[in-house]
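Written below as C-alpha cells is the structure these notes are about.
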Amino acid sequence: MMMKDALISTITSFAPEAPGTHAIVGLWAFSIVVFTLIFAVVVGIIVYSLMRFRWREGEPDPEQIAGNKKVEIIWTVIPFLIVTVLFALTVRTMGLSDPPPAPEPDLIVIGHQWWWEVQYPKSGVITANEIHIPVGKALSVRLDAADVLHEFWVPELARKMTTVPGHPNHIWVEADKPGTYLGVCSEFCGTEHAWMRFLVIADPPEKFAEWEKAQLAPATPPTGEAAQGLALFKQMSCVNCHAINGTPANARVAPDLTHFASRTQFGSGIAANTPENVRRWFQNPQQVKPGVLMPNFKFTDEQVNELVAYFETLK
Amino acid sequence: MNQPSAALPHHGILSLEQKMHWRIAWISTVDHKRLGILYMLTGLFFFVVGGIEALFIRLQLAIPNNKLIAPDTFNQLFTMHGTTMLFLVVMPVMFGLANYFIPLQVGARDMAFPRLNALGYWLVPFGGILLHFSVLAGGAPAVGWFAYAPLNETPYSSQLGVDYWALALLVMGIGSVSTSINIIATVLCMRGPGMTLRRLPLFTWINFVNSFIVILAIPVLNAALVMLLIDRRLAAHFFLPSGGGSAIMWQHIFWAFGHPEVYILALPAFGIISEVIPVFSRKPIFGYEFVAGSSVAIGLLSFGVWAHHMFTVGMGRAADTFFAFSSMLIAIPTGVKVLNWSVTMLGGRIRFTTAMLFCIAFLIQFTCGGLSGISHAIVPLDWQTKNSYYLIAHFHFIAVGGIVFAVFAALYYWFPKISGRMLSERLGRWTFWLMVIGFNMTFIIQHVLGLAGMPRRVYTYPDLPGWGWMNMVSTIGAFFMAVAALVFVYNLINSMFRGAPAGDNPWNAWTLEWATTSPPPHENFHALPPIHSRRPLWDLANPDRPDPVVGPHGKVDAVTLEKNKTGVLAFILSEAGFFGVLILAFLFYNANPQPGPGPKELNLLKTGIFSLCLFASSFTIWRSEVALHREQHRMMKLWLALTILLGGIFLIGQGLEYWGLFKSGISVSSNLFSTTFFTLTGFHGIHVGIGLIVLLIVLAMALAGDFEKKKSTALEAVSFYWHFVDVVWVFVLTVVYILPRLR
C-alpha cells in the first residue's frame, strides 16, 4: 500500500482506485447524508423531550395522548419513499460496480487454506499471493476455492466476493494508478485465516509485460550450495505439494515456487521475503505460521543453508 | 398504590419452609416465577462466561502481531463467544423475563404447561454443558457461530467440537420451541377475565408474536443441524462439494433460521422498551396498535430477508436485488417503532431512573445500529463492509446497544417485583455510564477499522497505519463494559439482601404484574382488578380520567381455546417447518439425476400398500374420537387399537424397505439420493414411532378408565398430531416416490 498520512487514506474502502469502487463510494456519500438526517430527527425528538419534559415530584400526570393515526401514516410513508430511493440507487450501483463477466477470464484466483493461487490463463503464468496487473485495464477475474470458503477483498480495487468450492464466482479488478494494494481473505477459513493476505501490484503495461515474460521462464539450474538445495528439495517430499518449473516438481497443492525470490512476502503476508525469514521458515514453519499445512521437516542447519541458497536463486 | 404491602415477608423471596428445602424446591419447581429466575440466573452465568471470552478476544487484538493467544484458541474463543451470547445468554434471559411476567401480565396463575416449562428450562443448562463439554473432548468448535460449510465438515474440522456444538444447539432449540409453544398457549388460553387480546400489555403481545417466529425458525436450524450431523457421523455429503453437496445450501438453511433469530432476540427487547418508556414518561405508549402491528410485520418480513447475509457468495443479480428490497422494507416497521417510542416521551413527565436511562440509550444506539443495518441492505455497500469489522460493529450495536441495554432496563424495572427490593439507583447510574462509555468506545471505532479493511475473525493483524491505536481504544472500551457488568452483579447481590423494600408498585406502573405483592404469591393474585383497558391500574388510580375502554374484537376474543389442542397445533406448525426444509432439501438435491442409487430402487406398489395402512389409520383415529364423543368407550378403545396396529404395519413396511436397500448395498452415504431419502423418510418414521408411543399411552389411559371418569382432551390432541404425520407422508410419498416417475 502506498503510505499516505491522512487518516482518510487508511480507510481503504473510501479511497477508491477503480471505476467499480468509485461508484460504491459515491453511493456511500449519499447514504451517509440520508442516515445522518434520519439520526438527527430521532435524536432531536429525544433530546427535546429530555430537556423540555422532566418529571418533578408531586406534579400530576400529563395529558394521556395515546396516538395519532395521521402521524403514523406519515412516518410510514416517508420511510417507504426513502427506501425506494435507496433501492433504486442500489440497483444502479450494482450494475456499475459489478458488470457481467467476460466470456474468458483474464485471471483465475483460487483460495486455498491459507494462500492464494493466481493463474493467468492467457499467458500460462502461475504464481501465488502476489497478483500483478497492468494499470488501466479491467481484468475479468474468476474466483474459485480448493477446499473451504474464502473471500477475495481488495477494498480499493473491487467489491469483495466469496470463493466457493464447486461454484466459480466472478469479479472485475482494475487499478487506475500504479501501486501496491492490500488484499485479504475476509471469510473465516480455519486456523490461519488471519494470514491469508495478498498483494495486488499494479504496474504500467510495459512493466507488467516484462514481469509476465520473466514469470514464464523456467527456473535456472542452480550451482554450488544451491544445487545441494535443489537435490534436497527433490529428495524430500517437497515435490508432493510444490511446483518449480524446470524441475520435476509440478504439484499444485501448495504455492508455485518457480519465481519465489521475486516476491516481496511469503506465508501469505506473514513475513517479508528476506533470507533470514526464509531461514526461520525452514527451521520450523509451524513456529512462523502455526497451523500451516506444511509440516516441520526438522532440517539440519546445513540443509537449511542449502535450501535458503537455492530459494535465493529462484528470481 | 405505593404503600408497602402487608404481605411482603421480611425474609425476602423465600418462605420459612422453603428455606429449609430450598435445593429440592428450586430443582423440582414448575412455578413460572422460579423457572423465570432460573432462566435469568443461567443467562447471567453464561453472560460472565461469554464476557470473559470477549475480553480475551479484545486482549489478543489490542496490539498488532500479538502472540498472547494461539490461533486455534482464538478461533475457539470467538465461536464460543458468539454461540454463548446468542443461545445461552440472550435467549434464556428473554425467556426468563417472558416466563416470569407473561402470566402476571395476563392475570394467570401460571403458564399453560408448567411441567413442559420446567423441561424447556432444564434443556438450557443441558445444552450449555454439552457445548462446553467439547473443550474436554478435544477442543471447542472453531468454525464461527454460523459454522459455514464446508469448514464445518469432517475433512476440515475433524475434532468433535462441531458435533457437540450441533447437539447443544439441537437440545436448546427443542427447549426454545417448547417454551414458545407454552407462551402461545398461555396467551391464548390462560388470560384472566377481561384481558382480551387487544388489551394485552405490549411486552406480552410482542413476546406472543415472537413465539411464532421461534416455533417456525428454530426447526429450520434443527433441520440444518441434523443434516450436518448426518454428514459428519454417517459420512453423507449434504454440504460437502467434494461429494456433490452444496456449501451454499448450508448458508440458505442456516440464515433462513438465522435472520429470524435476530428478531427472536430483538423483539423481546422491543417489548421491554414498550413497557418501560411509557411508565417513566407518565404517558401511554404512542400508537399501541402500530407498535403491535409493526411487530407482526417484522415477524412476517423476517422470513423473507435471510439471503442479505449472502450478497457476496454469488447468488446472482436477481436474488441480490430481491433480498435487498425485502431487507430495506423491514426498516419501515422498525423505524415506525423507534418513532413511536421517541414520541411517547414528548409531552410526558420523564423520570430519569436507571431503567429509563437504559431505554434512552437503547433508542439512540439502536437507531445507529438500524441505520448501519440499512447500509448492509444496500448491496454495493455490503460488498465492501461484509465480513469486516464494520459488520461486527453493526451487529453489536443491535446486540449490545439494543438488546443488552433493553435487558438492563428490564432488570432495573422488574427486579423490585421479583425480589421485593429496589436495586441501588446510585450503582445503577455507575453501571449505565460505564456501559455507555465502554460500549461506544469499543464499537464506534470498529466501523472505521472495517472500512479500513480489517476482516472479522482474524487472530491478529499487521501493523498498518491507524490499526494499532484503533484496536487499543476498542479493547479499553471492552474493559469499561466489564467493570460495568461487575458493578451490576454487585448491585444485584447486594440489593437482594439489603435493598430498600419495594412495595407492590414502586414505579406507579399500570400493568397487572404491579397489582400483586412483590414478590407475588405462589398463585400470583388474590384478586384481579377489573380490566377494561390496556392499563387497568391507571384506571384504578385515576377513576376521574380512565383510559377509553378497549372493546373486544368480535369473535377473536370470544373464542375460548383449549390449551392442549392449542399446544399441539403450535407444535404441528413447528414440525411442519422442520419437514418443509427436509422436503425442499430432497427436491434440491435430486433436481438432477445422479450416478448410483436413485428412485428406481424404490418399490412404489409395496410402499403404496403400506401407505394405505397409514392413511386408513387417520380414519380409524377419527372413528375413535367419534366413539368417545358418543361415550361408546369400548368402540373408542377398539378403533384406537386398530389405529396403533395400522401405524405399526406402516413402520414394519418401512423397515422392510430399508432392509432391502441395505442388503443391496445402499446406505445413507451412497449418494445424495440415498442421503436425502433416508433422512426424509427416516425422520418421518421416527415421528410415526413417537406417535405410536403416545397412542399407546392414550390406550393405556383408556384401559385404566381415564376417559370414563373425566373429560380429557388427550385423544383429540394426539389425533391432531397423528393426522399431521399422515399429511406429511402425503407430501413425502409424492415427492420421493411419485414425482421422479413422472420425469
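Please note that chains go A, B, ... in the order of the C-alpha cells, that every chain numbers its residues from 1, and that ligands are numbered from 1 in the order shown.
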Legend entry - Non-local contacts of Tyr156 in chain B (12 Å; only C-alpha atoms; under 2 positions in same chain excluded) as a PyMOL selection string: (chain A and resi 113+147-149+189-191+293) or (chain B and resi 141-143+147-154+158-162+232+240)
Inset, instruction - Determine, counting only C-alpha atoms, which protein, DNA and RNA residues have an atom within 12 Å of an atom of Arg198 in chain B; residues of the same chain fewer than 2 positions away are not included. Present the result as a VMD selection string. - result: chain B and resid 106 187 to 188 191 194 to 196 200 to 202 204 to 205 288 to 289 292 to 293 531 to 535 549 to 554 556 to 557
Inset, instruction - Identify which of the residues A:Ser123, A:Thr76, A:Thr162, A:Gln283 lies closest to Ala247 in chain B, counting only C-alpha atoms when measuring atom-to-atom distances. - result: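 Ranking A:Ser123, A:Thr76, A:Thr162, A:Gln283 by distance to Ala247 in chain B, first place goes to A:Thr162.
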Legend entry - Spatial neighbours of Trp433 in chain B, 12 Å, only C-alpha atoms, chain gap at least 6 places, as a ChimeraX atom specification: /B:354,357-358,361,405,426-427,439-441,477,480-481,483-485,487-488
Inset, instruction - Go through A:Thr313, A:Asn240, A:Gln287, A:Asn296 one by one, measure the shortest atom-to-atom distance of each to chain B using only C-alpha atoms, and give the residue with the smallest value. - result: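 Checking each of A:Thr313, A:Asn240, A:Gln287, A:Asn296 against chain B, counting only C-alpha atoms, the winner is A:Gln287.
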Skip Tyr390 in chain B itself and residues of its chain fewer than 4 positions away, then list as a compact mmCIF listing (two decimals) with C-alpha atoms, in the first residue's frame all residues within 7 Å of it, counting only C-alpha atoms.
```txt
# COMPACT_ATOMS: atom_id res chain seq x y z
CA THR B 385 -18.45 -3.96 4.51
CA HIS B 394 -23.21 -3.05 13.30
CA GLN B 446 -14.75 -0.71 14.73
CA HIS B 447 -16.82 0.83 11.91
CA VAL B 448 -13.66 2.67 10.83
CA LEU B 449 -11.49 -0.42 11.20
CA GLY B 450 -13.86 -2.36 8.98
CA LEU B 451 -13.86 0.30 6.30
```
Legend entry - Close residues, range 242-257 of chain A itself excluded, 10 Å, only C-alpha atoms, min 6 positions apart in chain, as a PyMOL selection string: chain A and resi 112-118+126-129+146+215-221+230+233-234+263+266-268+293-294+311+314-315
Export of prior selection with N, CA and C atoms as a short mmCIF file (atom, residue, chain, number, x, y, z; two decimals), in the first residue's frame:
```
data_model
loop_
_atom_site.label_atom_id
_atom_site.label_comp_id
_atom_site.auth_asym_id
_atom_site.auth_seq_id
_atom_site.Cartn_x
_atom_site.Cartn_y
_atom_site.Cartn_z
N HIS A 112 -6.90 -21.21 -1.26
CA HIS A 112 -6.50 -22.44 -0.59
C HIS A 112 -6.36 -22.12 0.89
N GLN A 113 -6.41 -23.14 1.77
CA GLN A 113 -6.08 -22.92 3.16
C GLN A 113 -4.58 -22.72 3.23
N TRP A 114 -3.94 -21.75 3.48
CA TRP A 114 -4.19 -20.36 3.67
C TRP A 114 -3.30 -19.58 2.77
N TRP A 115 -3.57 -19.65 1.46
CA TRP A 115 -2.80 -18.88 0.47
C TRP A 115 -3.65 -18.78 -0.79
N TRP A 116 -3.20 -17.93 -1.71
CA TRP A 116 -3.96 -17.69 -2.95
C TRP A 116 -3.16 -18.16 -4.14
N GLU A 117 -3.77 -19.00 -4.95
CA GLU A 117 -3.14 -19.41 -6.21
C GLU A 117 -3.61 -18.45 -7.30
N VAL A 118 -2.68 -17.99 -8.14
CA VAL A 118 -3.01 -16.99 -9.15
C VAL A 118 -2.60 -17.52 -10.52
N ILE A 126 1.70 -18.93 -13.62
CA ILE A 126 1.06 -19.34 -12.37
C ILE A 126 1.93 -18.84 -11.22
N THR A 127 1.30 -18.13 -10.29
CA THR A 127 2.06 -17.62 -9.16
C THR A 127 1.18 -17.69 -7.91
N ALA A 128 1.65 -17.07 -6.83
CA ALA A 128 0.88 -17.16 -5.59
C ALA A 128 0.98 -15.87 -4.80
N ASN A 129 -0.14 -15.45 -4.23
CA ASN A 129 -0.22 -14.40 -3.21
C ASN A 129 0.14 -12.99 -3.68
N ALA A 146 -10.27 -24.21 -3.41
CA ALA A 146 -9.80 -25.59 -3.47
C ALA A 146 -10.33 -26.42 -2.32
N GLN A 215 8.18 -14.28 -15.58
CA GLN A 215 7.50 -15.36 -14.86
C GLN A 215 7.38 -16.63 -15.70
N LEU A 216 7.33 -16.43 -17.03
CA LEU A 216 7.15 -17.60 -17.90
C LEU A 216 8.41 -18.43 -18.01
N ALA A 217 9.55 -17.80 -17.72
CA ALA A 217 10.82 -18.53 -17.85
C ALA A 217 10.91 -19.59 -16.77
N PRO A 218 11.47 -20.78 -17.11
CA PRO A 218 11.66 -21.79 -16.07
C PRO A 218 12.79 -21.36 -15.14
N ALA A 219 12.86 -22.02 -13.98
CA ALA A 219 13.92 -21.71 -13.03
C ALA A 219 15.27 -22.08 -13.61
N THR A 220 16.30 -21.22 -13.39
CA THR A 220 17.63 -21.54 -13.92
C THR A 220 18.27 -22.60 -13.02
N PRO A 221 18.94 -23.60 -13.66
CA PRO A 221 19.55 -24.66 -12.85
C PRO A 221 20.61 -24.07 -11.93
N LEU A 230 18.54 -27.83 -4.28
CA LEU A 230 17.59 -28.41 -5.24
C LEU A 230 17.51 -29.92 -5.06
N PHE A 233 15.45 -30.59 -2.18
CA PHE A 233 14.06 -30.29 -2.50
C PHE A 233 13.40 -31.48 -3.21
N LYS A 234 14.18 -32.08 -4.15
CA LYS A 234 13.64 -33.22 -4.90
C LYS A 234 13.55 -34.45 -4.03
N ARG A 263 9.15 -12.45 -5.18
CA ARG A 263 8.02 -11.93 -4.39
C ARG A 263 8.55 -11.16 -3.18
N PHE A 266 6.25 -13.79 1.94
CA PHE A 266 5.83 -15.19 1.80
C PHE A 266 4.94 -15.56 2.99
N GLY A 267 4.37 -16.76 2.93
CA GLY A 267 3.45 -17.17 4.01
C GLY A 267 2.18 -16.34 4.00
N SER A 268 1.75 -15.89 2.83
CA SER A 268 0.54 -15.05 2.68
C SER A 268 0.60 -13.83 3.59
N LEU A 293 -0.21 -25.81 6.70
CA LEU A 293 -0.27 -27.23 6.33
C LEU A 293 1.10 -27.83 6.04
N MET A 294 2.13 -27.00 5.91
CA MET A 294 3.48 -27.53 5.71
C MET A 294 4.04 -28.00 7.06
N PHE A 311 16.67 -21.22 -2.77
CA PHE A 311 15.49 -20.34 -2.92
C PHE A 311 15.89 -18.94 -3.34
N LEU A 314 15.80 -18.44 -7.07
CA LEU A 314 14.52 -18.54 -7.81
C LEU A 314 13.95 -17.15 -8.08
N LYS A 315 14.72 -16.37 -8.85
CA LYS A 315 14.31 -14.99 -9.12
C LYS A 315 13.11 -14.95 -10.05
#
```
Inset, instruction - Could you give me, as an MDAnalysis selection string, each residue of range 382-598 of chain B that DSSP assigns to strand (DSSP E or B) when run on this structure's backbone? - result: chainID B and resid 388 421 455 501
Could you write out the selected residues, including N, CA and C atoms, as a PDB file, in the first residue's frame?
```
ATOM      1  N   SER B 388     -16.413  -7.605   7.558  1.00  0.00           N
ATOM      2  CA  SER B 388     -15.367  -6.742   8.079  1.00  0.00           C
ATOM      3  C   SER B 388     -15.773  -6.309   9.486  1.00  0.00           C
ATOM      4  N   ARG B 421     -37.314  -5.973  46.561  1.00  0.00           N
ATOM      5  CA  ARG B 421     -36.391  -4.916  46.975  1.00  0.00           C
ATOM      6  C   ARG B 421     -35.937  -4.103  45.776  1.00  0.00           C
ATOM      7  N   PRO B 455     -10.680  -7.520   8.311  1.00  0.00           N
ATOM      8  CA  PRO B 455     -11.729  -8.538   8.255  1.00  0.00           C
ATOM      9  C   PRO B 455     -12.034  -9.073   9.646  1.00  0.00           C
ATOM     10  N   PRO B 501     -37.115  -1.884  50.691  1.00  0.00           N
ATOM     11  CA  PRO B 501     -38.325  -2.622  50.308  1.00  0.00           C
ATOM     12  C   PRO B 501     -39.049  -1.896  49.172  1.00  0.00           C
TER      13      PRO B 501
END
```
Neighbours of Lys67 in chain B within 12 Å (only C-alpha atoms; same-chain residues fewer than 2 positions away dropped), as a PDB file with C-alpha atoms, in the first residue's frame?
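Okay, part.pdb is ready:
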```pdb
ATOM      1  CA  GLN A 287       6.678 -21.601  14.555  1.00  0.00           C
ATOM      2  CA  VAL A 288       6.363 -18.854  11.949  1.00  0.00           C
ATOM      3  CA  LYS A 289       2.774 -19.668  10.947  1.00  0.00           C
ATOM      4  CA  PRO A 290       1.182 -22.033  13.489  1.00  0.00           C
TER       5      PRO A 290
ATOM      6  CA  LEU B  59      -6.755  -8.574  24.680  1.00  0.00           C
ATOM      7  CA  GLN B  60      -5.323 -10.550  21.792  1.00  0.00           C
ATOM      8  CA  LEU B  61      -6.353  -7.827  19.328  1.00  0.00           C
ATOM      9  CA  ALA B  62      -5.144  -4.904  21.476  1.00  0.00           C
ATOM     10  CA  ILE B  63      -1.839  -4.645  19.620  1.00  0.00           C
ATOM     11  CA  PRO B  64      -0.739  -5.737  16.131  1.00  0.00           C
ATOM     12  CA  ASN B  65       1.051  -9.078  15.663  1.00  0.00           C
ATOM     13  CA  ILE B  69      -3.320 -16.389  22.258  1.00  0.00           C
ATOM     14  CA  ALA B  70      -2.684 -19.212  19.776  1.00  0.00           C
ATOM     15  CA  PRO B  71      -4.657 -19.041  16.507  1.00  0.00           C
ATOM     16  CA  THR B  73      -7.581 -20.963  20.700  1.00  0.00           C
ATOM     17  CA  PHE B  74      -8.643 -17.571  19.368  1.00  0.00           C
ATOM     18  CA  TYR B 459      -6.498 -13.589  15.410  1.00  0.00           C
ATOM     19  CA  THR B 460      -4.042 -10.831  14.592  1.00  0.00           C
ATOM     20  CA  TYR B 461      -3.312  -8.159  12.020  1.00  0.00           C
TER      21      TYR B 461
END
```
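For the residues A:Ile74, A:Met94, A:Leu143, A:Ile82, ranking by smallest atom-to-atom distance to chain B using only C-alpha atoms places A:Met94 first.
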